[in-house]
file my_file-v1.txt (compact mmCIF, C-alpha atoms)
# COMPACT_ATOMS: atom_id res chain seq x y z
CA MET S 1 -10.71 27.73 -35.09
CA ALA S 2 -10.83 25.35 -32.13
CA GLU S 3 -8.03 25.66 -29.62
CA ARG S 4 -5.59 22.81 -29.89
CA THR S 5 -5.42 20.50 -26.87
CA LEU S 6 -1.78 20.06 -25.94
CA LEU S 7 -2.22 17.51 -23.17
CA ALA S 8 -2.31 13.82 -24.05
CA ARG S 9 -5.66 12.13 -23.42
CA ARG S 10 -4.02 9.66 -21.06
CA THR S 11 -3.41 12.45 -18.54
CA THR S 12 -7.14 12.67 -17.84
CA ALA S 13 -6.89 9.31 -16.03
CA PHE S 14 -4.61 10.78 -13.38
CA ALA S 15 -5.24 13.16 -10.51
CA PRO S 16 -3.00 14.30 -7.65
CA SER S 17 -2.47 11.58 -5.08
CA PRO S 18 -4.65 12.06 -1.99
CA ILE S 19 -1.73 10.81 0.09
CA GLN S 20 0.53 13.55 -1.28
CA GLN S 21 -2.20 16.13 -0.79
CA LEU S 22 -2.76 15.02 2.78
CA SER S 23 0.93 15.30 3.48
CA LEU S 24 0.86 18.90 2.22
CA LEU S 25 -2.15 19.65 4.41
CA ALA S 26 -0.44 18.03 7.39
CA GLN S 27 2.60 20.22 6.82
CA ARG S 28 0.41 23.30 6.58
CA CYS S 29 -1.28 22.39 9.86
CA ASN S 30 1.95 21.17 11.47
CA ALA S 31 0.10 17.90 12.06
CA ILE S 32 1.60 14.58 13.10
CA ASN S 33 1.87 12.65 9.83
CA LEU S 34 0.47 9.13 10.09
CA ALA S 35 -0.59 9.37 6.45
CA GLU S 36 2.47 8.72 4.34
CA GLY S 37 4.30 5.42 4.43
CA PHE S 38 7.79 6.59 5.21
CA PRO S 39 9.69 6.35 8.52
CA ASP S 40 10.57 9.40 10.58
CA PHE S 41 13.45 7.64 12.33
CA PRO S 42 17.07 7.22 11.13
CA ALA S 43 18.29 4.63 8.67
CA PRO S 44 20.87 2.11 9.96
CA PRO S 45 24.16 3.97 10.51
CA GLU S 46 26.31 1.47 8.61
CA ILE S 47 24.44 1.98 5.34
CA LYS S 48 24.50 5.76 5.76
CA GLU S 49 28.25 5.57 6.23
CA ALA S 50 28.54 3.43 3.11
CA ALA S 51 26.65 6.06 1.09
CA ILE S 52 28.82 8.85 2.49
CA ALA S 53 31.98 6.90 1.68
CA ALA S 54 30.75 6.37 -1.90
CA ILE S 55 30.13 10.09 -2.36
CA ARG S 56 33.57 10.90 -0.95
CA SER S 57 35.02 8.38 -3.41
CA ASP S 58 33.36 10.33 -6.23
CA PHE S 59 30.89 7.67 -7.30
CA ASN S 60 28.87 10.45 -8.87
CA GLN S 61 28.28 9.27 -12.44
CA TYR S 62 26.04 6.75 -14.19
CA ARG S 63 26.88 3.42 -12.68
CA HIS S 64 25.77 -0.19 -12.55
CA VAL S 65 26.97 -2.09 -9.50
CA GLN S 66 26.73 -5.75 -10.48
CA GLY S 67 27.45 -6.74 -6.90
CA VAL S 68 23.95 -5.53 -5.94
CA CYS S 69 22.44 -8.01 -8.41
CA GLU S 70 24.54 -10.77 -6.91
CA LYS S 71 23.43 -9.95 -3.37
CA VAL S 72 19.77 -9.82 -4.45
CA ALA S 73 20.18 -13.23 -6.10
CA GLU S 74 21.80 -14.69 -2.97
CA ALA S 75 19.05 -13.35 -0.72
CA PHE S 76 16.34 -14.60 -3.09
CA GLU S 77 17.69 -18.13 -3.10
CA MET S 78 18.18 -18.13 0.67
CA SER S 79 14.65 -16.86 1.34
CA HIS S 80 12.66 -18.75 -1.28
CA GLY S 81 14.83 -21.61 -2.49
CA VAL S 82 14.74 -20.18 -6.01
CA ARG S 83 18.02 -19.81 -7.87
CA VAL S 84 18.30 -16.87 -10.27
CA ASP S 85 21.13 -15.73 -12.53
CA ALA S 86 22.41 -12.38 -11.26
CA ALA S 87 23.82 -11.54 -14.69
CA THR S 88 20.65 -12.10 -16.73
CA GLN S 89 17.62 -12.09 -14.42
CA ILE S 90 17.95 -9.01 -12.21
CA THR S 91 17.57 -5.32 -13.07
CA ILE S 92 18.46 -2.60 -10.55
CA CYS S 93 16.00 0.29 -10.86
CA CYS S 94 15.19 3.65 -9.29
CA GLY S 95 13.08 2.15 -6.54
CA GLN S 96 10.33 -0.45 -6.68
CA SER S 97 8.05 2.05 -8.42
CA GLU S 98 10.30 2.20 -11.47
CA ALA S 99 10.80 -1.57 -11.33
CA MET S 100 7.02 -1.99 -11.45
CA ALA S 101 6.62 0.55 -14.25
CA ALA S 102 9.40 -0.97 -16.36
CA THR S 103 7.93 -4.43 -15.79
CA VAL S 104 4.43 -3.43 -16.85
CA PHE S 105 5.76 -1.56 -19.90
CA ALA S 106 7.77 -4.65 -20.84
CA VAL S 107 4.86 -7.11 -20.78
CA VAL S 108 1.54 -5.23 -21.11
CA GLU S 109 0.27 -3.79 -24.36
CA GLU S 110 -2.98 -2.40 -25.73
CA GLY S 111 -5.83 -4.82 -25.26
CA ASP S 112 -4.21 -6.73 -22.40
CA GLU S 113 -5.97 -7.06 -19.05
CA VAL S 114 -4.24 -7.12 -15.67
CA VAL S 115 -6.00 -8.39 -12.56
CA LEU S 116 -5.73 -6.22 -9.43
CA LEU S 117 -6.85 -7.14 -5.92
CA ASP S 118 -8.98 -4.31 -4.52
CA PRO S 119 -8.31 -2.22 -2.41
CA VAL S 120 -5.09 -1.57 -4.25
CA TYR S 121 -2.09 0.75 -4.13
CA GLU S 122 -2.60 3.42 -6.79
CA THR S 123 0.68 3.03 -8.71
CA TYR S 124 -0.25 -0.30 -10.29
CA GLN S 125 -3.28 0.83 -12.24
CA SER S 126 -1.42 3.95 -13.37
CA CYS S 127 1.29 1.80 -14.96
CA ILE S 128 -1.29 -0.44 -16.63
CA ILE S 129 -3.18 2.51 -18.11
CA LEU S 130 0.03 4.13 -19.39
CA ALA S 131 0.95 0.83 -21.04
CA GLY S 132 -2.43 0.72 -22.82
CA GLY S 133 -3.78 -2.14 -20.73
CA THR S 134 -7.00 -2.47 -18.76
CA PRO S 135 -7.15 -3.10 -14.99
CA ARG S 136 -9.61 -5.80 -13.86
CA TYR S 137 -10.46 -5.36 -10.20
CA VAL S 138 -11.39 -8.22 -7.86
CA SER S 139 -12.53 -7.30 -4.38
CA LEU S 140 -10.93 -8.52 -1.18
CA ASN S 141 -13.65 -8.98 1.43
CA PRO S 142 -13.43 -7.23 4.81
CA PRO S 143 -12.73 -7.46 7.65
CA HIS S 144 -10.08 -10.14 6.97
CA TRP S 145 -9.72 -9.16 3.29
CA SER S 146 -10.37 -12.70 2.13
CA LEU S 147 -10.31 -13.60 -1.55
CA ASP S 148 -13.25 -15.34 -3.23
CA PHE S 149 -11.54 -17.58 -5.77
CA GLU S 150 -14.66 -18.04 -7.91
CA ASN S 151 -14.77 -14.27 -8.32
CA LEU S 152 -11.05 -14.19 -8.95
CA GLU S 153 -11.22 -16.80 -11.71
CA SER S 154 -14.12 -14.96 -13.34
CA ALA S 155 -11.70 -12.06 -13.92
CA PHE S 156 -9.31 -14.28 -15.88
CA GLY S 157 -9.73 -14.92 -19.58
CA SER S 158 -8.08 -14.89 -22.98
CA LYS S 159 -7.05 -11.23 -22.59
CA THR S 160 -5.44 -11.67 -19.15
CA LYS S 161 -1.73 -10.91 -19.31
CA ALA S 162 -0.95 -10.78 -15.59
CA ILE S 163 -2.11 -10.49 -12.01
CA ILE S 164 -0.37 -8.10 -9.62
CA ILE S 165 0.10 -9.39 -6.08
CA ASN S 166 1.21 -7.19 -3.20
CA SER S 167 1.98 -9.20 -0.07
CA PRO S 168 2.20 -8.07 2.66
CA HIS S 169 -0.52 -5.81 1.35
CA ASN S 170 -0.89 -2.04 1.26
CA PRO S 171 -3.31 -0.74 2.53
CA THR S 172 -4.87 -3.63 4.48
CA GLY S 173 -1.87 -5.24 6.19
CA LYS S 174 -2.91 -8.68 4.91
CA ALA S 175 -0.22 -11.29 4.25
CA PHE S 176 -1.49 -13.76 1.66
CA SER S 177 -1.34 -17.33 2.92
CA THR S 178 0.48 -20.19 1.23
CA SER S 179 -2.90 -21.66 0.32
CA GLU S 180 -4.09 -18.42 -1.29
CA LEU S 181 -0.88 -18.03 -3.26
CA ALA S 182 -1.09 -21.65 -4.42
CA LYS S 183 -4.59 -21.05 -5.80
CA ILE S 184 -3.44 -17.88 -7.58
CA ALA S 185 -0.49 -19.83 -9.02
CA THR S 186 -2.90 -22.46 -10.33
CA LEU S 187 -4.89 -19.78 -12.15
CA CYS S 188 -1.73 -18.26 -13.63
CA CYS S 189 -0.72 -21.64 -15.04
CA LYS S 190 -4.25 -22.46 -16.22
CA TYR S 191 -4.65 -19.16 -18.10
CA ASP S 192 -0.99 -18.92 -19.16
CA CYS S 193 -0.41 -15.50 -17.62
CA LEU S 194 2.20 -13.76 -15.50
CA ALA S 195 2.34 -12.95 -11.81
CA ILE S 196 3.88 -9.55 -11.05
CA THR S 197 4.63 -9.08 -7.37
CA ASP S 198 5.37 -6.14 -5.11
CA GLU S 199 7.29 -7.56 -2.14
CA VAL S 200 8.64 -4.38 -0.56
CA TYR S 201 7.27 -5.39 2.86
CA GLU S 202 8.82 -8.88 2.71
CA HIS S 203 10.80 -8.34 5.93
CA ILE S 204 8.02 -6.51 7.79
CA ILE S 205 5.81 -9.48 8.63
CA PHE S 206 4.48 -10.40 12.07
CA ASP S 207 3.54 -13.03 14.62
CA GLY S 208 6.00 -15.65 13.43
CA ARG S 209 4.86 -15.61 9.82
CA GLU S 210 7.38 -16.12 7.04
CA HIS S 211 7.17 -14.24 3.77
CA VAL S 212 6.36 -16.48 0.80
CA SER S 213 6.88 -15.45 -2.83
CA ILE S 214 4.62 -16.93 -5.49
CA ALA S 215 7.79 -17.40 -7.57
CA SER S 216 8.61 -20.37 -5.35
CA PHE S 217 5.53 -22.40 -6.39
CA PRO S 218 5.74 -25.15 -9.03
CA GLY S 219 5.61 -23.77 -12.55
CA MET S 220 5.80 -20.16 -11.38
CA GLN S 221 9.46 -19.15 -11.61
CA GLN S 222 9.22 -18.84 -15.39
CA ARG S 223 6.06 -16.73 -15.18
CA THR S 224 6.76 -14.51 -12.14
CA ILE S 225 8.35 -11.06 -12.00
CA VAL S 226 9.26 -10.02 -8.45
CA THR S 227 9.80 -6.36 -7.59
CA SER S 228 11.17 -5.08 -4.30
CA SER S 229 13.51 -2.46 -2.86
CA LEU S 230 15.61 -1.20 0.04
CA SER S 231 13.08 1.50 0.88
CA LYS S 232 10.85 -0.01 3.56
CA THR S 233 13.24 -2.51 5.12
CA PHE S 234 16.08 -0.03 5.62
CA SER S 235 14.05 3.20 6.10
CA VAL S 236 15.49 4.84 2.97
CA THR S 237 12.43 5.60 0.83
CA GLY S 238 14.21 8.56 -0.77
CA TRP S 239 17.26 6.62 -1.96
CA ARG S 240 15.36 4.93 -4.80
CA ILE S 241 17.10 1.57 -5.01
CA GLY S 242 14.84 -1.23 -6.18
CA TRP S 243 14.96 -4.26 -8.44
CA ALA S 244 13.03 -6.62 -10.66
CA VAL S 245 13.75 -10.36 -10.72
CA ALA S 246 12.39 -12.00 -13.89
CA PRO S 247 12.96 -14.72 -16.48
CA ALA S 248 15.93 -13.75 -18.65
CA THR S 249 14.00 -12.68 -21.77
CA ILE S 250 11.63 -10.48 -19.77
CA SER S 251 14.49 -9.20 -17.62
CA ALA S 252 16.35 -8.03 -20.73
CA ALA S 253 13.29 -6.04 -21.82
CA ILE S 254 12.89 -4.53 -18.33
CA GLY S 255 16.57 -3.56 -18.35
CA ASN S 256 16.29 -1.89 -21.75
CA ILE S 257 13.28 0.14 -20.64
CA HIS S 258 15.00 1.08 -17.39
CA VAL S 259 18.05 2.39 -19.27
CA LYS S 260 15.85 4.44 -21.61
CA MET S 261 13.86 5.93 -18.73
CA THR S 262 16.48 6.63 -16.06
CA ASP S 263 19.78 5.07 -17.23
CA SER S 264 20.87 3.99 -13.76
CA ALA S 265 19.90 4.03 -10.11
CA PRO S 266 21.74 6.56 -7.89
CA ALA S 267 25.39 5.49 -7.83
CA PRO S 268 26.27 6.20 -4.15
CA PHE S 269 23.16 4.40 -2.94
CA GLN S 270 23.91 1.33 -5.03
CA GLU S 271 27.19 1.13 -3.10
CA ALA S 272 25.25 1.45 0.16
CA ALA S 273 22.90 -1.31 -1.03
CA LEU S 274 25.85 -3.71 -1.05
CA VAL S 275 26.19 -3.16 2.69
CA ALA S 276 22.43 -3.24 3.38
CA LEU S 277 21.94 -6.53 1.55
CA GLN S 278 24.56 -8.19 3.75
CA SER S 279 22.66 -7.39 6.96
CA THR S 280 22.62 -10.11 9.59
CA THR S 281 19.65 -12.20 10.69
CA ASN S 282 19.64 -10.20 13.93
CA PHE S 283 18.87 -7.02 11.96
CA PHE S 284 15.74 -8.52 10.40
CA THR S 285 14.63 -10.07 13.70
CA GLN S 286 14.91 -6.73 15.47
CA LEU S 287 13.14 -4.99 12.58
CA LYS S 288 10.12 -7.27 12.98
CA GLN S 289 10.10 -6.89 16.76
CA GLU S 290 10.21 -3.09 16.63
CA TYR S 291 7.46 -2.92 14.02
CA GLU S 292 5.31 -5.36 15.97
CA GLU S 293 5.61 -3.04 18.97
CA ARG S 294 4.52 -0.07 16.85
CA ARG S 295 1.67 -2.07 15.33
CA ASP S 296 0.36 -3.15 18.72
CA TYR S 297 0.58 0.39 20.08
CA VAL S 298 -1.37 1.89 17.17
CA CYS S 299 -4.00 -0.87 17.24
CA GLU S 300 -4.59 -0.16 20.93
CA MET S 301 -4.70 3.58 20.19
CA LEU S 302 -7.42 2.99 17.59
CA LEU S 303 -9.43 0.71 19.88
CA GLN S 304 -9.39 3.39 22.57
CA ALA S 305 -10.54 5.94 19.99
CA GLY S 306 -13.60 3.84 19.13
CA PHE S 307 -12.31 1.87 16.15
CA SER S 308 -13.17 -1.80 16.56
CA ASN S 309 -13.46 -3.33 13.10
CA PHE S 310 -10.06 -3.81 11.52
CA LEU S 311 -7.60 -6.55 10.69
CA LYS S 312 -4.63 -6.56 13.02
CA PRO S 313 -1.87 -6.18 10.44
CA GLU S 314 -0.13 -9.40 9.49
CA GLY S 315 2.57 -7.45 7.66
CA SER S 316 3.47 -4.03 6.18
CA PHE S 317 3.25 -0.93 8.37
CA PHE S 318 -0.37 0.15 7.90
CA VAL S 319 -3.62 -0.36 9.78
CA PHE S 320 -6.72 -0.15 7.58
CA ALA S 321 -9.53 0.60 9.99
CA GLU S 322 -13.27 1.07 9.55
CA LEU S 323 -14.65 4.28 11.05
CA PRO S 324 -16.18 3.94 14.52
CA LYS S 325 -19.78 2.81 14.85
CA ALA S 326 -20.78 6.18 16.25
CA CYS S 327 -19.83 7.96 13.04
CA PRO S 328 -22.71 9.00 10.77
CA LEU S 329 -23.36 6.45 8.04
CA ASN S 330 -23.23 8.70 5.00
CA ASP S 331 -20.58 8.08 2.40
CA SER S 332 -17.24 9.51 1.36
CA VAL S 333 -18.15 13.12 2.13
CA PHE S 334 -18.19 12.24 5.81
CA GLN S 335 -15.04 10.18 5.45
CA VAL S 336 -13.21 13.25 4.13
CA ASP S 337 -14.76 15.40 6.84
CA TYR S 338 -13.64 12.91 9.48
CA VAL S 339 -10.06 12.99 8.26
CA ALA S 340 -10.18 16.79 7.96
CA GLU S 341 -11.47 17.07 11.51
CA LEU S 342 -8.69 14.80 12.72
CA ILE S 343 -6.07 16.93 11.00
CA GLN S 344 -7.48 20.27 12.04
CA GLY S 345 -8.83 19.32 15.44
CA ALA S 346 -6.36 16.73 16.73
CA GLY S 347 -3.38 17.68 14.57
CA VAL S 348 -3.02 14.09 13.30
CA ALA S 349 -3.07 13.16 9.59
CA VAL S 350 -4.29 9.82 8.21
CA VAL S 351 -5.45 8.75 4.73
CA PRO S 352 -9.12 8.33 3.74
CA GLY S 353 -9.47 4.84 2.33
CA ARG S 354 -11.74 5.53 -0.62
CA GLY S 355 -8.81 6.21 -2.97
CA PHE S 356 -7.73 2.56 -2.65
CA PHE S 357 -11.11 1.12 -3.71
CA HIS S 358 -12.40 0.60 -7.25
CA GLN S 359 -14.36 -2.60 -7.79
CA ALA S 360 -16.88 -2.46 -4.96
CA ALA S 361 -17.85 1.14 -5.66
CA ASP S 362 -18.37 0.33 -9.35
CA THR S 363 -20.45 -2.81 -8.84
CA VAL S 364 -22.57 -2.12 -5.80
CA GLY S 365 -23.15 1.60 -6.08
CA GLN S 366 -22.62 4.56 -3.81
CA SER S 367 -25.50 4.29 -1.34
CA THR S 368 -25.14 6.92 1.35
CA GLN S 369 -27.12 5.12 4.05
CA PHE S 370 -27.80 1.56 5.14
CA LYS S 371 -31.46 0.74 4.45
CA ASP S 372 -33.89 -1.53 6.25
CA GLN S 373 -34.08 -4.98 4.60
CA SER S 374 -37.87 -4.73 4.56
CA ASN S 375 -37.48 -2.16 1.73
CA THR S 376 -39.27 0.53 3.71
CA GLY S 377 -36.41 2.84 2.86
CA GLU S 378 -35.87 3.75 6.50
CA GLU S 379 -32.30 4.39 7.58
CA LEU S 380 -30.74 2.01 10.09
CA SER S 381 -29.03 3.15 13.26
CA ALA S 382 -25.45 2.20 14.08
CA GLU S 383 -26.78 -0.32 16.64
CA GLU S 384 -28.93 -1.96 13.96
CA VAL S 385 -26.08 -2.18 11.46
CA TYR S 386 -23.26 -3.41 13.74
CA ASP S 387 -23.08 -6.31 16.17
CA SER S 388 -21.46 -6.14 19.62
CA ASN S 389 -18.03 -6.83 18.11
CA GLY S 390 -18.26 -3.96 15.68
CA ALA S 391 -18.80 -6.18 12.62
CA THR S 392 -21.55 -5.43 10.10
CA LYS S 393 -24.65 -7.61 10.50
CA PHE S 394 -26.03 -7.87 7.01
CA GLY S 395 -23.16 -9.11 4.86
CA GLU S 396 -23.68 -8.07 1.25
CA LEU S 397 -26.17 -5.38 2.28
CA CYS S 398 -23.40 -3.49 4.02
CA ILE S 399 -20.78 -3.91 1.30
CA GLN S 400 -22.42 -1.02 -0.53
CA ASN S 401 -21.03 1.32 2.07
CA TYR S 402 -17.78 -0.19 3.36
CA THR S 403 -15.59 1.34 0.65
CA THR S 404 -16.32 4.78 2.07
CA ARG S 405 -15.75 3.91 5.73
CA TYR S 406 -12.02 3.14 5.95
CA ILE S 407 -8.94 5.12 6.86
CA ARG S 408 -5.31 4.04 6.59
CA VAL S 409 -2.96 4.73 9.49
CA ALA S 410 0.82 4.42 9.02
CA PHE S 411 2.80 3.20 12.03
CA CYS S 412 6.28 3.44 10.48
CA LYS S 413 7.06 6.21 12.93
CA ASP S 414 9.23 6.71 15.99
CA MET S 415 7.50 5.66 19.20
CA ALA S 416 7.68 9.27 20.40
CA THR S 417 5.66 10.29 17.31
CA LEU S 418 3.06 7.58 17.96
CA ARG S 419 2.75 8.55 21.62
CA ALA S 420 2.25 12.17 20.63
CA ALA S 421 -0.45 11.12 18.16
CA LYS S 422 -2.25 9.10 20.82
CA THR S 423 -2.18 12.01 23.27
CA ALA S 424 -3.44 14.43 20.61
CA ILE S 425 -6.32 12.14 19.61
CA GLN S 426 -7.32 11.58 23.25
CA LYS S 427 -7.40 15.33 23.88
CA HIS S 428 -9.44 15.86 20.73
CA LEU S 429 -11.98 13.17 21.64
CA ALA S 430 -12.43 14.71 25.09
CA LEU S 431 -13.71 17.87 23.40
CA VAL S 432 -15.95 16.18 20.83
CA ASP S 433 -19.70 16.68 21.24
CA PRO S 434 -21.19 13.15 21.33
CA ASP S 435 -24.35 14.38 19.58
CA THR S 436 -22.72 16.11 16.63
CA GLY S 437 -19.36 14.33 16.41
CA HIS S 438 -17.64 17.73 16.14
CA LYS S 439 -15.36 19.61 18.48
CA GLN S 440 -17.26 21.79 20.90
CA HIS S 441 -14.74 24.63 20.98
CA TYR S 442 -12.97 24.43 17.64
CA SER S 443 -10.18 26.70 16.54
CA SER S 444 -7.42 25.99 14.08
CA GLN S 445 -4.51 27.82 12.56
CA CYS S 446 -5.01 26.08 9.22
CA SER S 447 -7.97 25.79 6.92
CA LEU S 448 -9.19 23.02 4.68
CA ASP S 449 -9.46 23.67 0.97
CA ARG S 450 -11.42 20.54 0.06
CA PRO S 451 -10.66 20.46 -3.70
CA HIS S 452 -6.97 20.75 -2.85
CA PHE S 453 -7.32 18.19 -0.08
CA PHE S 454 -8.86 15.35 -2.05
CA THR S 455 -9.90 15.16 -5.69
call {"tool": "encode", "arguments": {"input": "my_file-v1.txt", "output": "structure tokens"}}
result
Amino acid sequence: MAERTLLARRTTAFAPSPIQQLSLLAQRCNAINLAEGFPDFPAPPEIKEAAIAAIRSDFNQYRHVQGVCEKVAEAFEMSHGVRVDAATQITICCGQSEAMAATVFAVVEEGDEVVLLDPVYETYQSCIILAGGTPRYVSLNPPHWSLDFENLESAFGSKTKAIIINSPHNPTGKAFSTSELAKIATLCCKYDCLAITDEVYEHIIFDGREHVSIASFPGMQQRTIVTSSLSKTFSVTGWRIGWAVAPATISAAIGNIHVKMTDSAPAPFQEAALVALQSTTNFFTQLKQEYEERRDYVCEMLLQAGFSNFLKPEGSFFVFAELPKACPLNDSVFQVDYVAELIQGAGVAVVPGRGFFHQAADTVGQSTQFKDQSNTGEELSAEEVYDSNGATKFGELCIQNYTTRYIRVAFCKDMATLRAAKTAIQKHLALVDPDTGHKQHYSSQCSLDRPHFFT
């Protein structure tokens, strides 16, 4: 008699997150963690005091703080000129992740397709698959992660239920322009589908840019669901306070699913959210300035380490950088080795970028070397592949390999942490053999178990 399989088939679509695994490896090696997207500096004292006061007041039970909905509605109208009803259009959830999950479960069903812009944060496709839907990936094109709108429209059709838009974007740091959002809005209206947004980095946007929500475009308020949270803006990723803003009918469904899944967001932190959401303009101005300083420091650190082909982040707190020209041009095996060497040799953890890519790898293959255009099959040197600015020379020819050549570096860290990372990388590079790319005198107190490290 065959042994009964107890696991649901849907579980085969999921594997441990490489980001989580890297964090474990970094802990084991006592490495500086530039992998995970959470700050290592304190949250604002006034919101911590508000949370403490709530706990001391015994706000310890299931609780819905309607005042949070009202503050979200006020901020939304002030930022985007869009008026929403706090009583019927906002659901407070356990972080943006639950808001996204509840949203997808509310609107996506078996047979529906959801368009994702690739590279993409891994949570979105997980929610779609659990809901019975199918992700449709459309590639953003490096190095500026531009969007080809003919390709985008080709992904839309009668089965399209929604497109998910994350701006500012994780992992690339791109902030979608007003023009790009307008074109996406046109497609949503043309194909009668929804826009689901992840706007958690809305206040972490640089160089004088202003965050724009697609909900503010003509015809889009009734077909947009906006998700966001306190986590990134207020450095409280563990508090799990997020929200979904949606048309009333959809919002009611999101709220019902939220109650069935988690009942309520943490009561003391909802009280703290009331304080956070009343922060002054000066707070958000200083937030941007401090993150710009960190961004600039890490970009310069990467340039000095030989990285030259990356978009200077327009928002979020990640740099998505192509590996240096001097690195061997074989695929994701080397990418993992590079990150492993950085962790073990320099004591600095970053994330290999391949886990964010889907579409390009599926459509253009997994070539391990760049080949001569004359079809001789000869491998090209780094000098033949890259121009003097570090950009690839052959356009589409090189796309076959770019998905395996990126790492993501988080700069949501204290400046002391970033300075320590820079010093560690410089010391490591001084010991690297230029011929082999490996450390000449290598010793480490931790070891790499590759299957555990990245699956």
call {"tool": "residues_around", "arguments": {"input": "my_file-v1.txt", "residues": "Leu418 of chain S", "least_positions_apart": "2", "cutoff": "10 Å", "atoms": "all atoms listed in the file", "output": "NGL selection string"}}
result
:S and (32-34 or 294 or 297-298 or 301 or 410-416 or 420-424)
call {"tool": "residues_around", "arguments": {"input": "my_file-v1.txt", "residues": "Val200 of chain S", "least_positions_apart": "5", "cutoff": "8 Å", "atoms": "only C-alpha atoms", "output": "VMD selection string"}}
result
chain S and resid 96 227 to 233
call {"tool": "write_last_selection", "arguments": {"input": "my_file-v1.txt", "atoms": "C-alpha atoms", "output": "tab-separated table (two decimals), keeping the file's coordinate frame"}}
result
chain	number	residue	atom	x	y	z
S	96	GLN	CA	10.33	-0.45	-6.68
S	227	THR	CA	9.80	-6.36	-7.59
S	228	SER	CA	11.17	-5.08	-4.30
S	229	SER	CA	13.51	-2.46	-2.86
S	230	LEU	CA	15.61	-1.20	0.04
S	231	SER	CA	13.08	1.50	0.88
S	232	LYS	CA	10.85	-0.01	3.56
S	233	THR	CA	13.24	-2.51	5.12
call {"tool": "closest_residue", "arguments": {"input": "my_file-v1.txt", "among": "S:Gly219, S:Val107, S:His358, S:Gly306", "to": "Gln125 of chain S", "atoms": "all atoms listed in the file"}}
result
S:His358
call {"tool": "residues_near_point", "arguments": {"input": "my_file-v1.txt", "point": "(-9.5, -6.3, -13.9)", "cutoff": "12 Å", "atoms": "all atoms listed in the file", "output": "PyMOL selection string"}}
result
chain S and resi 112-118+120+124-125+128-129+133-139+151-157+159-164+358-359+362
call {"tool": "residues_around", "arguments": {"input": "my_file-v1.txt", "residues": "Glu210 of chain S", "least_positions_apart": "2", "cutoff": "10 Å", "atoms": "only C-alpha atoms", "output": "MDAnalysis selection string"}}
result
chainID S and resid 79 175 177:178 202:208 212:213 315
call {"tool": "closest_residue", "arguments": {"input": "my_file-v1.txt", "among": "S:Leu181, S:Ile257, S:Ile165, S:Ile407", "to": "Ile92 of chain S", "atoms": "all atoms listed in the file"}}
result
S:Ile257
call {"tool": "residues_near_point", "arguments": {"input": "my_file-v1.txt", "point": "(8.6, -1.5, -15.2)", "cutoff": "12 Å", "atoms": "all atoms listed in the file", "output": "ChimeraX atom specification"}}
result
/S:91-108,123-124,126-128,130-131,196-198,225-228,242-246,250-262
call {"tool": "closest_residue", "arguments": {"input": "my_file-v1.txt", "among": "S:Pro45, S:Gly347, S:Pro119, S:Gly132", "to": "Asn166 of chain S", "atoms": "only C-alpha atoms"}}
result
S:Pro119
call {"tool": "atom_distance", "arguments": {"input": "my_file-v1.txt", "atom1": "atom CA of Ala43 of chain S", "atom2": "atom CA of Arg408 of chain S"}}
result
23.7 Å
call {"tool": "atom_distance", "arguments": {"input": "my_file-v1.txt", "atom1": "atom CA of Gln61 of chain S", "atom2": "atom CA of Phe38 of chain S"}}
result
27.2 Å
call {"tool": "atom_distance", "arguments": {"input": "my_file-v1.txt", "atom1": "atom CA of Ala13 of chain S", "atom2": "atom CA of Thr237 of chain S"}}
result
25.9 Å
call {"tool": "closest_residue", "arguments": {"input": "my_file-v1.txt", "among": "S:Cys188, S:Gly111, S:Ser316, S:Trp239", "to": "Leu287 of chain S", "atoms": "all atoms listed in the file"}}
result
S:Ser316
call {"tool": "residues_around", "arguments": {"input": "my_file-v1.txt", "residues": "Gly353 of chain S", "least_positions_apart": "2", "cutoff": "7 Å", "atoms": "only C-alpha atoms", "output": "mmCIF file with C-alpha atoms, keeping the file's coordinate frame"}}
result
data_model
loop_
_atom_site.group_PDB
_atom_site.id
_atom_site.type_symbol
_atom_site.label_atom_id
_atom_site.label_comp_id
_atom_site.auth_asym_id
_atom_site.auth_seq_id
_atom_site.Cartn_x
_atom_site.Cartn_y
_atom_site.Cartn_z
ATOM 1 C CA VAL S 351 -5.450 8.750 4.730
ATOM 2 C CA GLY S 355 -8.810 6.210 -2.970
ATOM 3 C CA PHE S 356 -7.730 2.560 -2.650
ATOM 4 C CA THR S 404 -16.320 4.780 2.070
ATOM 5 C CA TYR S 406 -12.020 3.140 5.950
ATOM 6 C CA ILE S 407 -8.940 5.120 6.860
ATOM 7 C CA ARG S 408 -5.310 4.040 6.590
#
